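Engineer: This is the structure I want to talk about, given as structure tokens.
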Amino acid sequence: MNCSSTPHTITPRSLVLAALALSLPLVSGCEDDPDPIIGRWESTDPIGNSENTFEIDSDMRGESRIYFYQGDGYYYADFDVDVRVIEKGARYELDLSCEGNCGELDFEMECDLITDDRLECEGDGTWSTYDFEWEPN
């Protein structure tokens, strides 16, 4: 250990520089924290033999694949996803637009982030009775 008996002079400038140095990590840390919805998610329960998925990028856009039964058939549809943050880390609205000639399947989901590893959503229209629970993948 290197000990010095020489006192250091504290100047107003050194105090300002020290305060700036301490505050920079806090400021940049807040701005750089990614929203927890960003990433790849899959349904907690399989639909048939497959999991629903969606992936959201940092621009709050992404893609989704939803599996469903209709009559006796088993189908899937691919969607473009736009996310609206209602409350970061807590509430979201997802607008899902079906890719291709399937506009009747477009819908919106209102989602609550229960924990960092569980997202619960409710769809509207045709999807209002469909169970949407997601976990990170």
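How things are named: the first chain in the structure tokens is A, the next is B, and so on; residues count from 1 in each chain; ligands count from 1 in the order shown.
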Would you mind listing what lies within 12 Å of segment 53-70 of chain A as a PDB file with N, CA and C atoms, in the first residue's frame, with only C-alpha atoms counted and same-chain residues fewer than 2 positions away left out?
Structural biologist:
```pdb
ATOM      1  N   ASP A  32     -28.831   3.546 -22.408  1.00  0.00           N
ATOM      2  CA  ASP A  32     -28.444   2.352 -23.143  1.00  0.00           C
ATOM      3  C   ASP A  32     -29.201   1.104 -22.718  1.00  0.00           C
ATOM      4  N   ASP A  33     -30.021   1.199 -21.678  1.00  0.00           N
ATOM      5  CA  ASP A  33     -30.769   0.026 -21.241  1.00  0.00           C
ATOM      6  C   ASP A  33     -31.788  -0.358 -22.308  1.00  0.00           C
ATOM      7  N   PRO A  34     -31.654  -1.537 -22.881  1.00  0.00           N
ATOM      8  CA  PRO A  34     -32.642  -1.949 -23.893  1.00  0.00           C
ATOM      9  C   PRO A  34     -33.977  -2.257 -23.224  1.00  0.00           C
ATOM     10  N   ASP A  35     -35.038  -2.016 -23.956  1.00  0.00           N
ATOM     11  CA  ASP A  35     -36.361  -2.347 -23.452  1.00  0.00           C
ATOM     12  C   ASP A  35     -36.448  -3.857 -23.308  1.00  0.00           C
ATOM     13  N   PRO A  36     -37.015  -4.370 -22.213  1.00  0.00           N
ATOM     14  CA  PRO A  36     -37.056  -5.822 -21.998  1.00  0.00           C
ATOM     15  C   PRO A  36     -37.866  -6.599 -23.033  1.00  0.00           C
ATOM     16  N   ILE A  37     -38.705  -5.946 -23.812  1.00  0.00           N
ATOM     17  CA  ILE A  37     -39.474  -6.675 -24.823  1.00  0.00           C
ATOM     18  C   ILE A  37     -38.615  -7.001 -26.047  1.00  0.00           C
ATOM     19  N   ILE A  38     -37.482  -6.327 -26.174  1.00  0.00           N
ATOM     20  CA  ILE A  38     -36.594  -6.572 -27.314  1.00  0.00           C
ATOM     21  C   ILE A  38     -35.990  -7.968 -27.184  1.00  0.00           C
ATOM     22  N   GLY A  39     -36.070  -8.727 -28.262  1.00  0.00           N
ATOM     23  CA  GLY A  39     -35.506 -10.075 -28.276  1.00  0.00           C
ATOM     24  C   GLY A  39     -36.493 -11.072 -28.862  1.00  0.00           C
ATOM     25  N   ARG A  40     -36.170 -12.340 -28.681  1.00  0.00           N
ATOM     26  CA  ARG A  40     -36.996 -13.429 -29.217  1.00  0.00           C
ATOM     27  C   ARG A  40     -37.824 -14.042 -28.099  1.00  0.00           C
ATOM     28  N   TRP A  41     -39.107 -14.255 -28.364  1.00  0.00           N
ATOM     29  CA  TRP A  41     -40.048 -14.825 -27.407  1.00  0.00           C
ATOM     30  C   TRP A  41     -40.748 -16.010 -28.053  1.00  0.00           C
ATOM     31  N   GLU A  42     -41.168 -16.961 -27.227  1.00  0.00           N
ATOM     32  CA  GLU A  42     -41.979 -18.070 -27.729  1.00  0.00           C
ATOM     33  C   GLU A  42     -43.095 -18.354 -26.738  1.00  0.00           C
ATOM     34  N   SER A  43     -44.153 -19.005 -27.248  1.00  0.00           N
ATOM     35  CA  SER A  43     -45.313 -19.297 -26.397  1.00  0.00           C
ATOM     36  C   SER A  43     -44.913 -20.272 -25.292  1.00  0.00           C
ATOM     37  N   THR A  44     -45.535 -20.114 -24.132  1.00  0.00           N
ATOM     38  CA  THR A  44     -45.217 -20.989 -23.004  1.00  0.00           C
ATOM     39  C   THR A  44     -45.749 -22.396 -23.213  1.00  0.00           C
ATOM     40  N   ASP A  45     -46.837 -22.517 -23.987  1.00  0.00           N
ATOM     41  CA  ASP A  45     -47.414 -23.829 -24.289  1.00  0.00           C
ATOM     42  C   ASP A  45     -47.412 -24.035 -25.801  1.00  0.00           C
ATOM     43  N   PRO A  46     -47.042 -25.227 -26.255  1.00  0.00           N
ATOM     44  CA  PRO A  46     -47.060 -25.468 -27.707  1.00  0.00           C
ATOM     45  C   PRO A  46     -48.484 -25.499 -28.252  1.00  0.00           C
ATOM     46  N   ILE A  47     -48.600 -25.113 -29.501  1.00  0.00           N
ATOM     47  CA  ILE A  47     -49.847 -25.211 -30.244  1.00  0.00           C
ATOM     48  C   ILE A  47     -49.614 -26.328 -31.246  1.00  0.00           C
ATOM     49  N   GLY A  48     -50.304 -27.452 -31.078  1.00  0.00           N
ATOM     50  CA  GLY A  48     -49.949 -28.633 -31.869  1.00  0.00           C
ATOM     51  C   GLY A  48     -48.553 -29.063 -31.447  1.00  0.00           C
ATOM     52  N   ASN A  49     -47.653 -29.150 -32.391  1.00  0.00           N
ATOM     53  CA  ASN A  49     -46.259 -29.521 -32.091  1.00  0.00           C
ATOM     54  C   ASN A  49     -45.314 -28.337 -32.220  1.00  0.00           C
ATOM     55  N   SER A  50     -45.846 -27.120 -32.237  1.00  0.00           N
ATOM     56  CA  SER A  50     -45.029 -25.939 -32.497  1.00  0.00           C
ATOM     57  C   SER A  50     -45.288 -24.846 -31.471  1.00  0.00           C
ATOM     58  N   GLU A  51     -44.318 -23.948 -31.324  1.00  0.00           N
ATOM     59  CA  GLU A  51     -44.471 -22.787 -30.458  1.00  0.00           C
ATOM     60  C   GLU A  51     -44.677 -21.547 -31.311  1.00  0.00           C
ATOM     61  N   ASP A  72     -60.956 -28.380 -39.007  1.00  0.00           N
ATOM     62  CA  ASP A  72     -60.121 -29.561 -38.782  1.00  0.00           C
ATOM     63  C   ASP A  72     -58.665 -29.325 -39.172  1.00  0.00           C
ATOM     64  N   GLY A  73     -58.335 -28.141 -39.632  1.00  0.00           N
ATOM     65  CA  GLY A  73     -56.983 -27.863 -40.123  1.00  0.00           C
ATOM     66  C   GLY A  73     -56.084 -27.203 -39.097  1.00  0.00           C
ATOM     67  N   TYR A  74     -54.797 -27.384 -39.291  1.00  0.00           N
ATOM     68  CA  TYR A  74     -53.748 -26.814 -38.449  1.00  0.00           C
ATOM     69  C   TYR A  74     -52.929 -25.897 -39.345  1.00  0.00           C
ATOM     70  N   TYR A  75     -52.846 -24.608 -38.990  1.00  0.00           N
ATOM     71  CA  TYR A  75     -52.232 -23.607 -39.849  1.00  0.00           C
ATOM     72  C   TYR A  75     -51.268 -22.739 -39.066  1.00  0.00           C
ATOM     73  N   TYR A  76     -50.523 -21.933 -39.823  1.00  0.00           N
ATOM     74  CA  TYR A  76     -49.755 -20.853 -39.204  1.00  0.00           C
ATOM     75  C   TYR A  76     -49.825 -19.642 -40.123  1.00  0.00           C
ATOM     76  N   ALA A  77     -49.584 -18.480 -39.522  1.00  0.00           N
ATOM     77  CA  ALA A  77     -49.529 -17.232 -40.283  1.00  0.00           C
ATOM     78  C   ALA A  77     -48.323 -16.444 -39.792  1.00  0.00           C
ATOM     79  N   ASP A  78     -47.647 -15.779 -40.719  1.00  0.00           N
ATOM     80  CA  ASP A  78     -46.520 -14.910 -40.394  1.00  0.00           C
ATOM     81  C   ASP A  78     -47.003 -13.466 -40.355  1.00  0.00           C
ATOM     82  N   PHE A  79     -46.502 -12.717 -39.384  1.00  0.00           N
ATOM     83  CA  PHE A  79     -46.942 -11.344 -39.162  1.00  0.00           C
ATOM     84  C   PHE A  79     -45.745 -10.400 -39.071  1.00  0.00           C
ATOM     85  N   ASP A  80     -45.943  -9.176 -39.541  1.00  0.00           N
ATOM     86  CA  ASP A  80     -45.050  -8.065 -39.218  1.00  0.00           C
ATOM     87  C   ASP A  80     -45.576  -7.471 -37.921  1.00  0.00           C
ATOM     88  N   VAL A  81     -44.662  -7.112 -37.020  1.00  0.00           N
ATOM     89  CA  VAL A  81     -45.065  -6.622 -35.701  1.00  0.00           C
ATOM     90  C   VAL A  81     -44.519  -5.213 -35.484  1.00  0.00           C
ATOM     91  N   ASP A  82     -45.383  -4.322 -35.024  1.00  0.00           N
ATOM     92  CA  ASP A  82     -44.991  -2.987 -34.576  1.00  0.00           C
ATOM     93  C   ASP A  82     -45.370  -2.872 -33.105  1.00  0.00           C
ATOM     94  N   VAL A  83     -44.427  -2.412 -32.294  1.00  0.00           N
ATOM     95  CA  VAL A  83     -44.647  -2.314 -30.849  1.00  0.00           C
ATOM     96  C   VAL A  83     -44.804  -0.850 -30.451  1.00  0.00           C
ATOM     97  N   ARG A  84     -45.796  -0.595 -29.645  1.00  0.00           N
ATOM     98  CA  ARG A  84     -45.977   0.716 -29.021  1.00  0.00           C
ATOM     99  C   ARG A  84     -45.771   0.530 -27.525  1.00  0.00           C
ATOM    100  N   VAL A  85     -44.817   1.258 -26.973  1.00  0.00           N
ATOM    101  CA  VAL A  85     -44.528   1.156 -25.545  1.00  0.00           C
ATOM    102  C   VAL A  85     -45.506   2.045 -24.791  1.00  0.00           C
ATOM    103  N   LYS A  88     -42.542   1.508 -20.331  1.00  0.00           N
ATOM    104  CA  LYS A  88     -41.348   0.693 -20.544  1.00  0.00           C
ATOM    105  C   LYS A  88     -41.180  -0.308 -19.415  1.00  0.00           C
ATOM    106  N   TYR A  92     -47.391  -2.886 -23.118  1.00  0.00           N
ATOM    107  CA  TYR A  92     -47.113  -2.713 -24.546  1.00  0.00           C
ATOM    108  C   TYR A  92     -48.377  -2.975 -25.359  1.00  0.00           C
ATOM    109  N   GLU A  93     -48.430  -2.382 -26.546  1.00  0.00           N
ATOM    110  CA  GLU A  93     -49.422  -2.742 -27.552  1.00  0.00           C
ATOM    111  C   GLU A  93     -48.655  -3.224 -28.772  1.00  0.00           C
ATOM    112  N   LEU A  94     -49.024  -4.394 -29.266  1.00  0.00           N
ATOM    113  CA  LEU A  94     -48.396  -4.956 -30.456  1.00  0.00           C
ATOM    114  C   LEU A  94     -49.422  -4.988 -31.570  1.00  0.00           C
ATOM    115  N   ASP A  95     -49.049  -4.436 -32.708  1.00  0.00           N
ATOM    116  CA  ASP A  95     -49.892  -4.441 -33.896  1.00  0.00           C
ATOM    117  C   ASP A  95     -49.331  -5.501 -34.827  1.00  0.00           C
ATOM    118  N   LEU A  96     -50.102  -6.545 -35.100  1.00  0.00           N
ATOM    119  CA  LEU A  96     -49.649  -7.654 -35.939  1.00  0.00           C
ATOM    120  C   LEU A  96     -50.392  -7.615 -37.272  1.00  0.00           C
ATOM    121  N   SER A  97     -49.624  -7.462 -38.355  1.00  0.00           N
ATOM    122  CA  SER A  97     -50.170  -7.406 -39.711  1.00  0.00           C
ATOM    123  C   SER A  97     -49.744  -8.663 -40.449  1.00  0.00           C
ATOM    124  N   CYS A  98     -50.723  -9.446 -40.866  1.00  0.00           N
ATOM    125  CA  CYS A  98     -50.444 -10.713 -41.531  1.00  0.00           C
ATOM    126  C   CYS A  98     -49.742 -10.467 -42.869  1.00  0.00           C
ATOM    127  N   GLU A  99     -48.673 -11.230 -43.112  1.00  0.00           N
ATOM    128  CA  GLU A  99     -47.926 -11.128 -44.365  1.00  0.00           C
ATOM    129  C   GLU A  99     -48.631 -11.950 -45.437  1.00  0.00           C
ATOM    130  N   LEU A 105     -56.660 -11.721 -40.692  1.00  0.00           N
ATOM    131  CA  LEU A 105     -56.022 -12.218 -39.472  1.00  0.00           C
ATOM    132  C   LEU A 105     -55.287 -11.123 -38.702  1.00  0.00           C
ATOM    133  N   ASP A 106     -55.201  -9.894 -39.246  1.00  0.00           N
ATOM    134  CA  ASP A 106     -54.537  -8.794 -38.538  1.00  0.00           C
ATOM    135  C   ASP A 106     -55.193  -8.585 -37.180  1.00  0.00           C
ATOM    136  N   PHE A 107     -54.365  -8.248 -36.186  1.00  0.00           N
ATOM    137  CA  PHE A 107     -54.926  -7.988 -34.863  1.00  0.00           C
ATOM    138  C   PHE A 107     -53.951  -7.196 -34.017  1.00  0.00           C
ATOM    139  N   LEU A 119     -44.483 -12.767 -20.379  1.00  0.00           N
ATOM    140  CA  LEU A 119     -45.269 -11.717 -20.993  1.00  0.00           C
ATOM    141  C   LEU A 119     -46.661 -12.277 -21.262  1.00  0.00           C
ATOM    142  N   THR A 126     -60.713 -11.779 -33.870  1.00  0.00           N
ATOM    143  CA  THR A 126     -60.643 -13.234 -34.009  1.00  0.00           C
ATOM    144  C   THR A 126     -59.775 -13.873 -32.933  1.00  0.00           C
ATOM    145  N   TRP A 127     -58.815 -13.127 -32.441  1.00  0.00           N
ATOM    146  CA  TRP A 127     -57.833 -13.667 -31.496  1.00  0.00           C
ATOM    147  C   TRP A 127     -58.190 -13.400 -30.030  1.00  0.00           C
ATOM    148  N   THR A 129     -60.058 -14.894 -27.916  1.00  0.00           N
ATOM    149  CA  THR A 129     -60.134 -16.059 -27.023  1.00  0.00           C
ATOM    150  C   THR A 129     -58.865 -16.904 -27.066  1.00  0.00           C
ATOM    151  N   TYR A 130     -57.883 -16.469 -27.810  1.00  0.00           N
ATOM    152  CA  TYR A 130     -56.633 -17.200 -27.977  1.00  0.00           C
ATOM    153  C   TYR A 130     -55.714 -16.886 -26.806  1.00  0.00           C
ATOM    154  N   ASP A 131     -55.030 -17.886 -26.269  1.00  0.00           N
ATOM    155  CA  ASP A 131     -54.155 -17.717 -25.113  1.00  0.00           C
ATOM    156  C   ASP A 131     -52.767 -17.281 -25.576  1.00  0.00           C
ATOM    157  N   PHE A 132     -52.357 -16.071 -25.215  1.00  0.00           N
ATOM    158  CA  PHE A 132     -51.020 -15.575 -25.554  1.00  0.00           C
ATOM    159  C   PHE A 132     -50.199 -15.364 -24.288  1.00  0.00           C
ATOM    160  N   GLU A 133     -49.357 -16.332 -23.971  1.00  0.00           N
ATOM    161  CA  GLU A 133     -48.388 -16.195 -22.892  1.00  0.00           C
ATOM    162  C   GLU A 133     -47.032 -16.535 -23.476  1.00  0.00           C
ATOM    163  N   TRP A 134     -46.049 -15.673 -23.197  1.00  0.00           N
ATOM    164  CA  TRP A 134     -44.746 -15.768 -23.844  1.00  0.00           C
ATOM    165  C   TRP A 134     -43.626 -15.825 -22.808  1.00  0.00           C
ATOM    166  N   GLU A 135     -42.509 -16.437 -23.227  1.00  0.00           N
ATOM    167  CA  GLU A 135     -41.288 -16.437 -22.428  1.00  0.00           C
ATOM    168  C   GLU A 135     -40.108 -16.193 -23.373  1.00  0.00           C
ATOM    169  N   PRO A 136     -39.033 -15.594 -22.854  1.00  0.00           N
ATOM    170  CA  PRO A 136     -37.878 -15.344 -23.713  1.00  0.00           C
ATOM    171  C   PRO A 136     -37.276 -16.647 -24.224  1.00  0.00           C
ATOM    172  N   ASN A 137     -36.737 -16.592 -25.417  1.00  0.00           N
ATOM    173  CA  ASN A 137     -36.076 -17.760 -25.983  1.00  0.00           C
ATOM    174  C   ASN A 137     -34.672 -17.384 -26.362  1.00  0.00           C
TER     175      ASN A 137
END
```
Engineer: From a backbone DSSP assignment, name each residue in segment 21-104 of chain A labelled strand (DSSP E), as number ranges by chain.
Structural biologist: A: 39-43, 53-56, 61-70, 73-87, 91-98
Engineer: Considering only C-alpha atoms, return as a CSV table (one decimal) with N, CA and C atoms, in the first residue's frame whatever protein or nucleic-acid residues lie within 10 Å of Ile114 of chain A, sequence-local ones (same chain, fewer than 4 positions apart) excluded.
Structural biologist:
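Saved to out_37.csv:
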```
chain,number,residue,atom,x,y,z
A,89,GLY,N,-41.0,-1.6,-19.8
A,89,GLY,CA,-40.8,-2.6,-18.9
A,89,GLY,C,-42.1,-3.1,-18.2
A,90,ALA,N,-43.2,-2.7,-18.7
A,90,ALA,CA,-44.5,-3.1,-18.1
A,90,ALA,C,-45.6,-3.3,-19.0
A,91,ARG,N,-46.0,-2.3,-19.9
A,91,ARG,CA,-47.1,-2.5,-20.8
A,91,ARG,C,-46.8,-2.1,-22.2
A,118,ARG,N,-41.7,-13.5,-18.4
A,118,ARG,CA,-43.1,-13.8,-18.7
A,118,ARG,C,-43.9,-12.6,-19.2
A,119,LEU,N,-44.5,-12.8,-20.4
A,119,LEU,CA,-45.3,-11.7,-21.0
A,119,LEU,C,-46.7,-12.3,-21.3
A,120,GLU,N,-47.7,-11.6,-20.7
A,120,GLU,CA,-49.1,-12.0,-21.0
A,120,GLU,C,-49.8,-11.0,-21.8
```
